[in-house]
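A.B. asks: The structure's right below; bear with me while I get my questions together.
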Amino acid sequence: VIASHWPVPEKPIDATTELIGRLFGAPPGEAVAQGLRAAQTAMMDKPLTSHPYYWAAFAIIGDGAQPLKKAQ
């Protein structure tokens, strides 16, 4: 489960959609925790989403070492 500690705004950008899109764009078989970290790091590198407000709300509940499973 990926949970958010606070609501992330949809405007001026939809940071949640961007972060989750990057997470599910991770290479097949990558661990969920690695995918989330890569997505968060990519958002940190963008001036518009670099503030932790946009990416730090998200946390993994459960085993983050499990491979990311894509929808069939």
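Scheme for the structure tokens: letters A, B, ... for chains in order shown; per-chain residue numbers from 1; ligand numbers from 1 in order shown.
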Give me the residues near range 40-45 of chain A as a list in words, where near means some atom within 8 Å (using only C-alpha atoms) and where sequence neighbours in that chain fewer than 3 positions away do not count.
C.D. replies: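 Listed by chain and then number, they are Leu19, Leu36, Arg37, Thr49, Ser50, His51, Pro52, Tyr54, Trp55 and Ala56 of chain A.
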A.B. asks: For CA of Phe24 in chain A and CA of Pro47 in chain A, quote the distance in Å rounded to one decimal.
C.D. replies: 22.1 Å
A.B. asks: My list of candidates is A:Ala59, A:Leu68, A:Leu23, A:Ala38. Which is closest to Trp6 in chain A when distances are computed with only C-alpha atoms?
C.D. replies: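 The answer is A:Ala59, which sits nearest to Trp6 in chain A.
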A.B. asks: Within 10 Å of Gln66 in chain A, counting only C-alpha atoms, which residues show up once you throw out same-chain ones fewer than 4 positions away? Write them as a PyMOL selection string, please.
C.D. replies: chain A and resi 29-34+62
A.B. asks: Between CA of Ile13 in chain A and CA of Pro67 in chain A, what is the distance in Å, rounded to a tenth?
C.D. replies: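 Separation of CA of Ile13 in chain A and CA of Pro67 in chain A: 28.5 Å.
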A.B. asks: Determine the nearest neighbour of Pro7 in chain A from the options A:Ile20, A:Tyr53, A:Ala65, A:Pro28, counting only C-alpha atoms.
C.D. replies: A:Tyr53
A.B. asks: CA of Gly25 in chain A and CA of Gly64 in chain A are how many Å apart?
C.D. replies: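 Distance reported for this atom pair: 16.3 Å.
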A.B. asks: Can you list, as a ChimeraX atom specification, all residues belonging to chain A that DSSP tags as alpha helix (DSSP H)?
C.D. replies: /A:15-24,32-44,52-55
